[in-house]
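This is start-v8.txt (compact mmCIF, C-alpha atoms (C1' of nucleotides)).
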# COMPACT_ATOMS: atom_id res chain seq x y z
CA MET A 1 95.38 46.67 104.24
CA SER A 2 96.89 48.89 101.62
CA THR A 3 95.38 52.33 101.79
CA PRO A 4 95.13 53.76 98.25
CA ARG A 5 98.24 55.88 98.41
CA LEU A 6 98.03 59.01 100.45
CA SER A 7 99.38 62.27 99.16
CA HIS A 8 101.29 65.00 100.91
CA THR A 9 98.02 66.81 101.30
CA SER A 10 96.57 63.77 103.03
CA TYR A 11 99.27 63.77 105.64
CA LEU A 12 99.07 67.48 106.07
CA VAL A 13 95.38 67.20 106.86
CA LEU A 14 95.87 64.16 109.04
CA GLY A 15 98.61 65.89 110.98
CA LEU A 16 96.77 69.14 111.45
CA VAL A 17 93.55 67.49 112.52
CA SER A 18 95.44 65.31 114.91
CA GLY A 19 97.26 68.25 116.40
CA LEU A 20 94.14 70.34 116.76
CA ASP A 21 92.00 67.49 118.01
CA LYS A 22 89.03 68.77 116.05
CA ALA A 23 89.11 71.05 113.07
CA THR A 24 87.04 72.43 110.26
CA PRO A 25 88.48 72.80 106.76
CA TYR A 26 88.47 76.51 107.28
CA GLU A 27 90.67 76.19 110.30
CA LEU A 28 93.02 73.97 108.35
CA LYS A 29 93.22 76.64 105.73
CA GLN A 30 94.09 79.22 108.37
CA MET A 31 96.73 77.01 109.90
CA VAL A 32 98.38 76.34 106.59
CA SER A 33 98.36 79.90 105.41
CA THR A 34 100.27 81.01 108.49
CA SER A 35 102.89 78.31 108.48
CA LEU A 36 103.93 75.83 105.83
CA GLY A 37 101.85 77.71 103.31
CA TYR A 38 104.48 80.40 103.03
CA PHE A 39 106.60 78.24 100.84
CA TRP A 40 104.47 75.21 100.10
CA THR A 41 101.03 76.20 98.93
CA PHE A 42 98.00 73.97 99.12
CA PRO A 43 94.90 75.07 97.20
CA HIS A 44 92.12 75.60 99.67
CA SER A 45 89.73 73.51 97.63
CA GLN A 46 91.91 70.55 98.51
CA LEU A 47 91.64 71.32 102.17
CA TYR A 48 87.90 70.98 101.82
CA SER A 49 87.81 67.86 99.67
CA GLU A 50 90.69 65.93 101.17
CA PRO A 51 89.13 65.54 104.64
CA ASP A 52 86.12 63.92 103.03
CA ARG A 53 88.32 61.51 101.16
CA LEU A 54 90.11 60.64 104.38
CA ALA A 55 86.78 60.18 106.10
CA ASP A 56 85.76 57.75 103.37
CA LEU A 57 88.93 55.85 104.06
CA GLY A 58 88.08 55.71 107.74
CA LEU A 59 91.01 57.85 108.76
CA LEU A 60 88.92 60.79 109.91
CA GLU A 61 85.53 61.16 111.52
CA VAL A 62 83.08 63.84 110.51
CA ASP A 63 80.68 65.70 112.71
CA GLN A 64 78.53 68.10 110.81
CA GLU A 65 76.45 70.89 112.28
CA ASP A 66 72.87 70.42 111.19
CA GLU A 67 72.04 74.09 111.08
CA GLY A 68 73.31 77.31 109.66
CA ARG A 69 76.65 77.00 108.07
CA ARG A 70 76.68 73.26 108.41
CA ARG A 71 80.33 73.29 109.28
CA LYS A 72 82.06 69.97 109.33
CA GLN A 73 84.30 69.17 112.24
CA TYR A 74 86.81 66.46 111.59
CA SER A 75 88.66 64.41 114.12
CA ILE A 76 91.15 61.64 113.69
CA THR A 77 90.30 57.97 114.15
CA GLU A 78 92.44 55.17 115.48
CA ALA A 79 93.20 54.09 111.95
CA GLY A 80 94.06 57.64 111.04
CA ARG A 81 96.45 58.03 113.89
CA ALA A 82 98.08 54.73 113.03
CA GLU A 83 98.54 55.84 109.44
CA LEU A 84 99.98 59.15 110.52
CA GLU A 85 102.36 57.58 112.97
CA ALA A 86 103.53 55.01 110.46
CA TRP A 87 104.31 57.83 108.08
CA LEU A 88 106.16 59.81 110.71
CA ARG A 89 108.12 56.76 111.74
CA ASP A 90 109.39 56.17 108.22
CA PRO A 91 112.59 58.20 107.77
CA ASP A 92 112.26 57.96 104.01
CA ALA A 93 110.82 60.92 102.18
CA GLY A 94 110.88 61.96 98.58
CA ARG A 95 113.28 64.44 97.09
CA ALA A 96 112.60 68.11 97.47
CA GLU A 97 111.13 70.15 94.66
CA VAL A 98 112.35 73.69 94.42
CA ARG A 99 110.48 75.76 91.90
CA GLU A 100 111.96 79.18 91.61
CA PRO A 101 110.40 80.91 88.62
CA GLY A 102 113.17 83.46 88.61
CA LEU A 103 115.71 80.72 88.26
CA LEU A 104 113.92 79.40 85.22
CA LYS A 105 114.43 82.76 83.59
CA LEU A 106 118.02 82.96 84.64
CA PHE A 107 118.66 79.53 83.18
CA PHE A 108 117.93 81.04 79.80
CA GLY A 109 119.90 84.18 80.47
CA GLU A 110 122.00 83.65 77.37
CA LEU A 111 118.93 84.31 75.25
CA ALA A 112 118.01 87.51 77.03
CA ASP A 113 119.46 90.82 76.18
CA GLY A 114 121.15 93.69 77.94
CA GLY A 115 120.31 94.23 81.53
CA ASP A 116 117.31 91.90 81.63
CA MET A 117 118.96 89.48 83.99
CA THR A 118 120.32 92.27 86.12
CA ARG A 119 116.85 93.68 86.58
CA LEU A 120 115.53 90.23 87.30
CA ALA A 121 118.17 89.72 89.96
CA GLN A 122 117.39 93.07 91.53
CA ALA A 123 113.70 92.32 91.63
CA ARG A 124 114.43 89.00 93.27
CA VAL A 125 116.65 90.63 95.86
CA LYS A 126 113.78 92.89 96.75
CA LEU A 127 111.36 90.00 96.93
CA TYR A 128 113.53 87.91 99.19
CA THR A 129 114.40 90.83 101.39
CA GLU A 130 110.73 91.36 102.09
CA GLU A 131 110.11 87.69 102.54
CA LEU A 132 112.90 87.49 105.05
CA GLU A 133 111.52 90.41 107.01
CA ARG A 134 108.14 88.77 107.18
CA TYR A 135 109.63 85.52 108.40
CA GLU A 136 111.75 87.21 110.98
CA ALA A 137 108.74 89.07 112.31
CA ILE A 138 106.99 85.75 112.78
CA GLU A 139 110.07 84.30 114.36
CA LYS A 140 109.90 86.81 117.18
CA THR A 141 106.40 85.73 118.06
CA ILE A 142 107.05 82.01 118.21
CA SER A 143 110.69 81.37 118.90
CA ASP A 144 110.21 80.66 122.56
CA GLU A 145 106.94 78.84 122.58
CA PRO A 146 108.05 75.34 123.49
CA ASP A 147 104.87 73.91 121.96
CA LEU A 148 105.85 75.31 118.62
CA ARG A 149 109.30 73.81 118.62
CA TYR A 150 108.76 71.87 115.41
CA PRO A 151 106.85 74.48 113.48
CA TYR A 152 109.61 76.83 114.51
CA ALA A 153 112.17 74.50 113.02
CA THR A 154 110.17 74.63 109.82
CA LEU A 155 110.29 78.37 109.86
CA ARG A 156 114.03 78.29 110.40
CA LEU A 157 114.47 76.40 107.16
CA GLY A 158 112.25 78.96 105.48
CA ILE A 159 114.50 81.68 106.77
CA ALA A 160 117.65 79.85 105.77
CA TRP A 161 116.24 79.29 102.31
CA ALA A 162 115.33 82.95 101.93
CA LYS A 163 118.80 83.98 103.02
CA THR A 164 120.40 81.60 100.56
CA CYS A 165 118.31 82.98 97.73
CA LEU A 166 118.95 86.52 98.79
CA ALA A 167 122.69 85.98 98.76
CA PHE A 168 122.50 84.17 95.45
CA TRP A 169 120.54 86.85 93.67
CA ALA A 170 122.56 89.65 95.21
CA ASP A 171 125.66 87.98 93.87
CA ILE A 172 124.13 87.63 90.41
CA ALA A 173 123.02 91.24 90.42
CA GLU A 174 126.48 92.34 91.36
CA ARG A 175 128.52 90.46 88.83
CA LEU A 176 126.26 91.20 85.89
CA PRO A 177 126.59 94.32 83.74
CA GLY A 178 124.18 97.18 84.18
CA MET B 1 97.00 89.28 70.81
CA SER B 2 96.71 87.62 74.15
CA THR B 3 98.23 84.18 74.04
CA PRO B 4 96.20 81.88 76.31
CA ARG B 5 98.51 81.99 79.29
CA LEU B 6 101.69 80.06 79.04
CA SER B 7 102.91 77.89 81.85
CA HIS B 8 106.38 77.38 83.24
CA THR B 9 106.59 74.29 81.10
CA SER B 10 105.80 76.36 78.04
CA TYR B 11 108.70 78.68 78.65
CA LEU B 12 110.98 75.82 79.47
CA VAL B 13 110.23 74.25 76.12
CA LEU B 14 110.42 77.53 74.30
CA GLY B 15 113.76 78.32 75.87
CA LEU B 16 115.28 74.93 75.26
CA VAL B 17 114.15 74.75 71.67
CA SER B 18 115.42 78.23 71.08
CA GLY B 19 118.77 77.43 72.59
CA LEU B 20 119.15 74.18 70.70
CA ASP B 21 117.86 75.56 67.43
CA LYS B 22 116.08 72.32 66.68
CA ALA B 23 115.03 69.69 69.15
CA THR B 24 112.95 66.59 69.59
CA PRO B 25 110.92 66.05 72.76
CA TYR B 26 113.33 63.33 73.69
CA GLU B 27 116.23 65.75 73.56
CA LEU B 28 114.27 68.17 75.72
CA LYS B 29 113.77 65.41 78.20
CA GLN B 30 117.51 64.71 78.24
CA MET B 31 118.35 68.37 78.67
CA VAL B 32 115.96 68.78 81.54
CA SER B 33 117.01 65.65 83.34
CA THR B 34 120.62 66.79 83.43
CA SER B 35 120.01 70.34 84.56
CA LEU B 36 116.94 72.01 86.02
CA GLY B 37 115.33 68.61 86.46
CA TYR B 38 117.48 67.92 89.48
CA PHE B 39 115.33 70.09 91.63
CA TRP B 40 112.39 71.00 89.43
CA THR B 41 110.90 67.98 87.77
CA PHE B 42 108.80 68.08 84.64
CA PRO B 43 106.89 64.92 83.71
CA HIS B 44 108.16 63.75 80.39
CA SER B 45 104.65 63.40 79.04
CA GLN B 46 104.46 67.17 79.21
CA LEU B 47 107.62 67.55 77.24
CA TYR B 48 105.93 65.59 74.49
CA SER B 49 102.56 67.30 74.56
CA GLU B 50 103.61 70.85 75.29
CA PRO B 51 105.55 71.37 72.04
CA ASP B 52 102.44 70.43 70.11
CA ARG B 53 100.41 72.96 72.04
CA LEU B 54 103.01 75.60 71.33
CA ALA B 55 102.99 74.65 67.68
CA ASP B 56 99.22 75.11 67.64
CA LEU B 57 99.76 78.56 69.04
CA GLY B 58 102.24 79.32 66.30
CA LEU B 59 105.16 79.61 68.67
CA LEU B 60 106.96 76.52 67.41
CA GLU B 61 107.27 74.84 64.06
CA VAL B 62 107.16 71.10 63.61
CA ASP B 63 109.08 68.99 61.17
CA GLN B 64 108.22 65.35 61.39
CA GLU B 65 110.18 62.45 59.93
CA ASP B 66 107.93 60.43 57.71
CA GLU B 67 109.59 57.12 58.34
CA GLY B 68 110.71 54.92 61.17
CA ARG B 69 110.30 56.55 64.51
CA ARG B 70 108.56 59.57 63.04
CA ARG B 71 110.46 61.87 65.35
CA LYS B 72 109.26 65.43 65.53
CA GLN B 73 111.79 68.19 65.35
CA TYR B 74 110.64 71.49 66.73
CA SER B 75 112.08 74.88 66.06
CA ILE B 76 111.07 78.29 67.28
CA THR B 77 109.16 80.79 65.18
CA GLU B 78 109.38 84.55 65.16
CA ALA B 79 106.31 84.73 67.35
CA GLY B 80 107.82 82.18 69.69
CA ARG B 81 111.02 84.09 70.04
CA ALA B 82 109.09 87.28 70.70
CA GLU B 83 107.05 85.57 73.41
CA LEU B 84 110.17 84.14 74.99
CA GLU B 85 111.98 87.45 74.96
CA ALA B 86 109.05 89.30 76.40
CA TRP B 87 109.00 86.80 79.24
CA LEU B 88 112.71 87.12 79.83
CA ARG B 89 112.48 90.89 79.79
CA ASP B 90 109.87 90.96 82.52
CA PRO B 91 111.68 91.01 85.88
CA ASP B 92 108.55 89.84 87.64
CA ALA B 93 108.27 86.20 88.52
CA GLY B 94 106.08 84.29 90.91
CA ARG B 95 107.08 83.23 94.38
CA ALA B 96 109.15 80.14 94.84
CA GLU B 97 107.63 76.88 95.94
CA VAL B 98 109.77 74.72 98.13
CA ARG B 99 108.39 71.28 98.75
CA GLU B 100 110.54 69.35 101.11
CA PRO B 101 108.68 66.20 102.12
CA GLY B 102 111.00 65.74 105.05
CA LEU B 103 110.05 69.13 106.34
CA LEU B 104 106.40 68.19 106.24
CA LYS B 105 107.18 65.35 108.59
CA LEU B 106 109.28 67.50 110.84
CA PHE B 107 106.48 70.02 111.05
CA PHE B 108 104.48 67.36 112.86
CA GLY B 109 107.38 66.23 114.98
CA GLU B 110 105.41 66.80 118.15
CA LEU B 111 103.15 63.92 117.17
CA ALA B 112 105.97 61.52 116.48
CA ASP B 113 107.61 59.47 119.10
CA GLY B 114 111.09 58.76 120.33
CA GLY B 115 113.86 59.04 117.85
CA ASP B 116 111.67 59.24 114.77
CA MET B 117 112.69 62.76 113.95
CA THR B 118 116.30 62.03 114.69
CA ARG B 119 116.29 59.19 112.21
CA LEU B 120 114.51 61.36 109.72
CA ALA B 121 117.13 64.05 110.11
CA GLN B 122 119.93 61.54 109.69
CA ALA B 123 118.37 60.14 106.56
CA ARG B 124 118.04 63.63 105.16
CA VAL B 125 121.64 64.42 105.95
CA LYS B 126 122.64 61.37 103.96
CA LEU B 127 120.38 62.34 101.09
CA TYR B 128 121.69 65.87 100.84
CA THR B 129 125.26 64.79 101.21
CA GLU B 130 124.88 62.59 98.17
CA GLU B 131 123.00 65.24 96.29
CA LEU B 132 125.74 67.71 96.98
CA GLU B 133 128.38 65.31 95.75
CA ARG B 134 126.50 64.79 92.55
CA TYR B 135 126.15 68.51 91.98
CA GLU B 136 129.76 69.16 92.71
CA ALA B 137 130.80 66.49 90.25
CA ILE B 138 128.76 68.25 87.59
CA GLU B 139 130.21 71.56 88.62
CA LYS B 140 133.68 70.39 87.72
CA THR B 141 132.61 69.60 84.20
CA ILE B 142 130.91 72.88 83.43
CA SER B 143 132.30 75.60 85.64
CA ASP B 144 134.58 77.04 83.01
CA GLU B 145 132.50 76.64 79.90
CA PRO B 146 131.65 80.25 79.13
CA ASP B 147 128.63 79.10 77.10
CA LEU B 148 127.16 77.50 80.17
CA ARG B 149 127.48 80.56 82.34
CA TYR B 150 123.77 80.76 83.08
CA PRO B 151 123.09 77.07 83.54
CA TYR B 152 126.08 77.11 85.83
CA ALA B 153 124.51 79.86 87.87
CA THR B 154 121.45 77.67 88.15
CA LEU B 155 123.57 74.84 89.42
CA ARG B 156 125.17 77.12 91.96
CA LEU B 157 121.80 77.81 93.50
CA GLY B 158 121.17 74.08 93.55
CA ILE B 159 124.41 73.64 95.42
CA ALA B 160 123.66 76.46 97.81
CA TRP B 161 120.23 75.02 98.47
CA ALA B 162 121.64 71.57 99.14
CA LYS B 163 124.20 73.01 101.54
CA THR B 164 121.53 74.95 103.37
CA CYS B 165 119.43 71.84 103.77
CA LEU B 166 122.40 69.78 104.80
CA ALA B 167 123.31 72.25 107.52
CA PHE B 168 119.71 72.50 108.64
CA TRP B 169 119.18 68.77 108.97
CA ALA B 170 122.56 68.20 110.55
CA ASP B 171 121.64 70.75 113.15
CA ILE B 172 118.30 69.09 113.78
CA ALA B 173 119.93 65.69 114.06
CA GLU B 174 122.38 67.03 116.55
CA ARG B 175 120.09 68.78 118.92
CA LEU B 176 117.50 66.03 119.05
CA PRO B 177 117.66 63.11 121.50
CA GLY B 178 118.81 59.73 120.30
C1' DA C 1 119.70 35.20 63.56
C1' DT C 2 118.24 35.96 67.95
C1' DT C 3 118.18 38.02 72.23
C1' DT C 4 118.82 41.95 75.00
C1' DA C 5 119.22 46.56 76.07
C1' DA C 6 118.67 51.23 75.09
C1' DT C 7 116.04 54.56 72.80
C1' DC C 8 111.91 56.81 71.85
C1' DG C 9 106.72 58.07 71.71
C1' DT C 10 101.73 57.92 73.04
C1' DC C 11 98.06 57.52 75.88
C1' DC C 12 94.93 57.69 79.83
C1' DG C 13 92.91 57.74 84.41
C1' DA C 14 93.73 60.13 88.47
C1' DA C 15 95.19 63.97 91.15
C1' DT C 16 95.76 68.85 91.33
C1' DC C 17 94.73 73.38 90.49
C1' DA C 18 92.84 78.18 90.38
C1' DG C 19 89.24 80.70 90.98
C1' DA C 20 84.24 81.71 90.39
C1' DT C 21 80.24 81.53 92.95
C1' DG C 22 77.13 81.69 96.64
C1' DG C 23 75.59 81.21 101.27
C1' DT C 24 75.92 82.58 106.41
C1' DC C 25 77.01 85.39 110.15
C1' DC C 26 78.52 89.61 112.70
C1' DT C 27 78.60 94.38 113.62
C1' DA C 28 77.73 98.89 113.69
C1' DA C 29 75.27 102.73 111.64
C1' DC C 30 71.01 104.48 111.18
C1' DG D 1 65.52 96.69 115.33
C1' DT D 2 66.64 96.93 110.47
C1' DT D 3 69.74 96.85 107.20
C1' DA D 4 74.07 97.25 104.65
C1' DG D 5 78.62 95.79 104.28
C1' DG D 6 82.29 93.02 105.22
C1' DA D 7 84.24 88.99 107.02
C1' DC D 8 83.62 84.23 107.30
C1' DC D 9 82.82 79.84 105.28
C1' DA D 10 81.78 76.09 101.76
C1' DT D 11 81.19 73.96 97.26
C1' DC D 12 81.75 73.23 92.52
C1' DT D 13 83.79 72.96 87.95
C1' DG D 14 86.63 72.84 83.97
C1' DA D 15 91.24 72.89 82.86
C1' DT D 16 95.72 71.42 83.59
C1' DT D 17 99.17 68.45 85.41
C1' DC D 18 100.78 64.19 86.76
C1' DG D 19 102.80 59.63 86.93
C1' DG D 20 103.45 55.82 84.83
C1' DA D 21 101.83 51.95 81.91
C1' DC D 22 102.38 50.46 77.51
C1' DG D 23 104.35 49.76 73.00
C1' DA D 24 107.17 50.48 69.19
C1' DT D 25 111.85 51.15 66.99
C1' DT D 26 116.67 50.77 66.77
C1' DA D 27 121.38 49.35 68.25
C1' DA D 28 124.45 46.17 70.41
C1' DA D 29 125.78 41.78 71.83
C1' DT D 30 125.85 36.89 71.40
Translate this structure into structure tokens?
Amino acid sequence: MSTPRLSHTSYLVLGLVSGLDKATPYELKQMVSTSLGYFWTFPHSQLYSEPDRLADLGLLEVDQEDEGRRRKQYSITEAGRAELEAWLRDPDAGRAEVREPGLLKLFFGELADGGDMTRLAQARVKLYTEELERYEAIEKTISDEPDLRYPYATLRLGIAWAKTCLAFWADIAERLPG
Amino acid sequence: MSTPRLSHTSYLVLGLVSGLDKATPYELKQMVSTSLGYFWTFPHSQLYSEPDRLADLGLLEVDQEDEGRRRKQYSITEAGRAELEAWLRDPDAGRAEVREPGLLKLFFGELADGGDMTRLAQARVKLYTEELERYEAIEKTISDEPDLRYPYATLRLGIAWAKTCLAFWADIAERLPG
DNA sequence: ATTTAATCGTCCGAATCAGATGGTCCTAAC
DNA sequence: GTTAGGACCATCTGATTCGGACGATTAAAT
């Protein structure tokens, strides 16, 4: 039984639904935007369409309100849980993609003039400083919830990443003219 | 004159062509795969189609061989250079996207069983160790080429990122059972 | 000459994306 | 107790991106 290739979004949805027991797409959206979504964005339209796809594949079950907003509640099926667990069990995972638009500019620094790259670096420092503050504020609220152990680990990498970038850009800003 | 929104790929192509003076899509592909491409992949089909789009917009010029492989050589136009420089001059740049498939699994660690996450972490440690070695090998070959100052900076962030991930996953591996 | 390997280019169906649009519900001001 | 505004929620669409199959050309090896 070869399921037609599931995407990262598929597993995200599967995992969230499984963790929440029952969830509407809107709730998924909320979940994502306050966790992983900080550095890995998922368009919300996907979070509405993907559950339906997974339901078609028999990995989720739908339960739709028949009045008003006609919300759809999704829950995971046996097959869905099996798929999710198989995925979690497999220690293989693709390579990371790191898309830092600022870095793309810096890569072409030779073609820029004057203090362009310095200003870029300064702007980035500001950006990452703020990002770091935001993350650290969140950290305070979840760091000792034992239930959130794994999401917390995720956040820690976010923080480490932000610190790395901050240091990198600060260094660039410092050693460049201007 | 509002150019119809250029993508990251557009600027990548613009920048590479500008830096190389003249380039074929194949050369762009080579360039990318030995630099930025290590952590920000661009499908090669884009590197073939994007130059044509940019040529349509008047930002590149094409010169096609009329025999054999009919290679297309692209070079940048005045308008192209202006567009590129305007982009470089603007210190604003979008937020970074960091897509670490391993992290997606870890996020759902609560749903996994036994040593799954430990094995994941170990696999990631291995992955990043190798990645780091590769980067550091490259570093040796370019670190004192003054022309490659900016690409080298890019590589340094790649290295820093790999080290951060390595430390993160090593820590996870260590504090987990198994 | 022939095979093999490396180089190079195009194409297409599928997945992804941003964002416009529109409906439903709650609340609190009147 | 109506109504206006804002928050909540859902769907759709056209454009872009994506991976990768496929095929052609050239260079190297036998």
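Straight-line separation from C1' of DT21 (chain C) to CA of Leu28 (chain A): 21.4 Å.
Between CA of Ile172 (chain A) and CA of Glu145 (chain B) the separation is 17.4 Å.
Proximity to chain C at a cut-off of 9 Å picks out Pro43, Ser45, Gln46, Gly68 and Arg69 of chain A on chain A, counting all atoms listed in the file.
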* Between CA of Leu47 (chain A) and CA of Ser7 (chain B), distance in Å (one decimal) ->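 Separation of CA of Leu47 (chain A) and CA of Ser7 (chain B): 24.1 Å.
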* Place a sphere of radius 12 Å on (118.4, 64.6, 123.2) in the file coordinates and name every protein, DNA or RNA residue with an atom inside or on its surface, counting only C-alpha atoms (C1' of nucleotides); give the answer as a PyMOL selection string. => chain B and resi 114-115+117-118+172-178
* To do: Name all residues at most 12 Å from Arg156 (chain B) (count only C-alpha atoms (C1' of nucleotides); drop same-chain ones fewer than 3 positions away) and give them as a PyMOL selection string.
  => (chain A and resi 103+106-107+164-165+167-169+171-172) or (chain B and resi 35-36+132+135-136+138-140+142-143+148-153+159-163)
* Proximal residues of chain A relative to chain B (all atoms listed in the file; 8 Å) as a PyMOL selection string -> chain A and resi 8+12+15+19+39-41+85+88-113+116-117+119-121+123+150-151+153-154+157+160-161+164-165+168
* At a cut-off of 9 Å, list the chain D residues touching chain B, using all atoms listed in the file, as a PyMOL selection string. => chain D and resi 17-19+24-26
Specify the axis-aligned box that encloses all atoms of region 122-134 of chain B listed in the file after padding of 3 Å on each side, stating its centre and edge lengths in Å to one decimal as JSON.
{"center_x": 123.2, "center_y": 63.9, "center_z": 101.1, "size_x": 16.3, "size_y": 13.6, "size_z": 23.1}
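Distances to Leu6 (chain B) were evaluated for B:Arg71, B:Asp63, B:Gln30, B:Leu57 using only C-alpha atoms, and the minimum falls at B:Leu57.
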Please supply region 104-124 of chain B, rebuilt with N, CA and C atoms, as a short mmCIF file (atom, residue, chain, number, x, y, z; two decimals), in the frame of the given file.
data_model
loop_
_atom_site.label_atom_id
_atom_site.label_comp_id
_atom_site.auth_asym_id
_atom_site.auth_seq_id
_atom_site.Cartn_x
_atom_site.Cartn_y
_atom_site.Cartn_z
N LEU B 104 107.80 68.42 105.90
CA LEU B 104 106.40 68.19 106.24
C LEU B 104 106.31 67.25 107.44
N LYS B 105 107.16 66.26 107.43
CA LYS B 105 107.18 65.35 108.59
C LYS B 105 107.65 66.08 109.84
N LEU B 106 108.72 66.80 109.68
CA LEU B 106 109.28 67.50 110.84
C LEU B 106 108.27 68.47 111.46
N PHE B 107 107.49 69.07 110.60
CA PHE B 107 106.48 70.02 111.05
C PHE B 107 105.56 69.38 112.09
N PHE B 108 105.34 68.08 111.92
CA PHE B 108 104.48 67.36 112.86
C PHE B 108 105.27 66.57 113.89
N GLY B 109 106.50 66.97 114.09
CA GLY B 109 107.38 66.23 114.98
C GLY B 109 106.80 65.99 116.36
N GLU B 110 106.01 66.92 116.83
CA GLU B 110 105.41 66.80 118.15
C GLU B 110 104.57 65.53 118.27
N LEU B 111 104.03 65.09 117.15
CA LEU B 111 103.15 63.92 117.17
C LEU B 111 103.91 62.61 117.01
N ALA B 112 105.17 62.73 116.69
CA ALA B 112 105.97 61.52 116.48
C ALA B 112 106.54 61.05 117.81
N ASP B 113 107.03 59.84 117.82
CA ASP B 113 107.61 59.47 119.10
C ASP B 113 109.09 59.13 119.01
N GLY B 114 109.70 59.15 120.19
CA GLY B 114 111.09 58.76 120.33
C GLY B 114 112.02 59.38 119.32
N GLY B 115 112.83 58.54 118.74
CA GLY B 115 113.86 59.04 117.85
C GLY B 115 113.43 59.19 116.41
N ASP B 116 112.14 59.15 116.16
CA ASP B 116 111.67 59.24 114.77
C ASP B 116 112.28 60.41 114.02
N MET B 117 112.22 61.57 114.64
CA MET B 117 112.69 62.76 113.95
C MET B 117 114.21 62.77 113.81
N THR B 118 114.85 62.15 114.78
CA THR B 118 116.30 62.03 114.69
C THR B 118 116.69 61.18 113.48
N ARG B 119 116.00 60.06 113.36
CA ARG B 119 116.29 59.19 112.21
C ARG B 119 115.95 59.87 110.90
N LEU B 120 114.87 60.60 110.91
CA LEU B 120 114.51 61.36 109.72
C LEU B 120 115.64 62.32 109.35
N ALA B 121 116.08 63.07 110.35
CA ALA B 121 117.13 64.05 110.11
C ALA B 121 118.40 63.39 109.58
N GLN B 122 118.73 62.25 110.15
CA GLN B 122 119.93 61.54 109.69
C GLN B 122 119.79 61.09 108.24
N ALA B 123 118.60 60.58 107.93
CA ALA B 123 118.37 60.14 106.56
C ALA B 123 118.48 61.32 105.58
N ARG B 124 117.98 62.44 106.01
CA ARG B 124 118.04 63.63 105.16
C ARG B 124 119.48 64.11 104.98
#
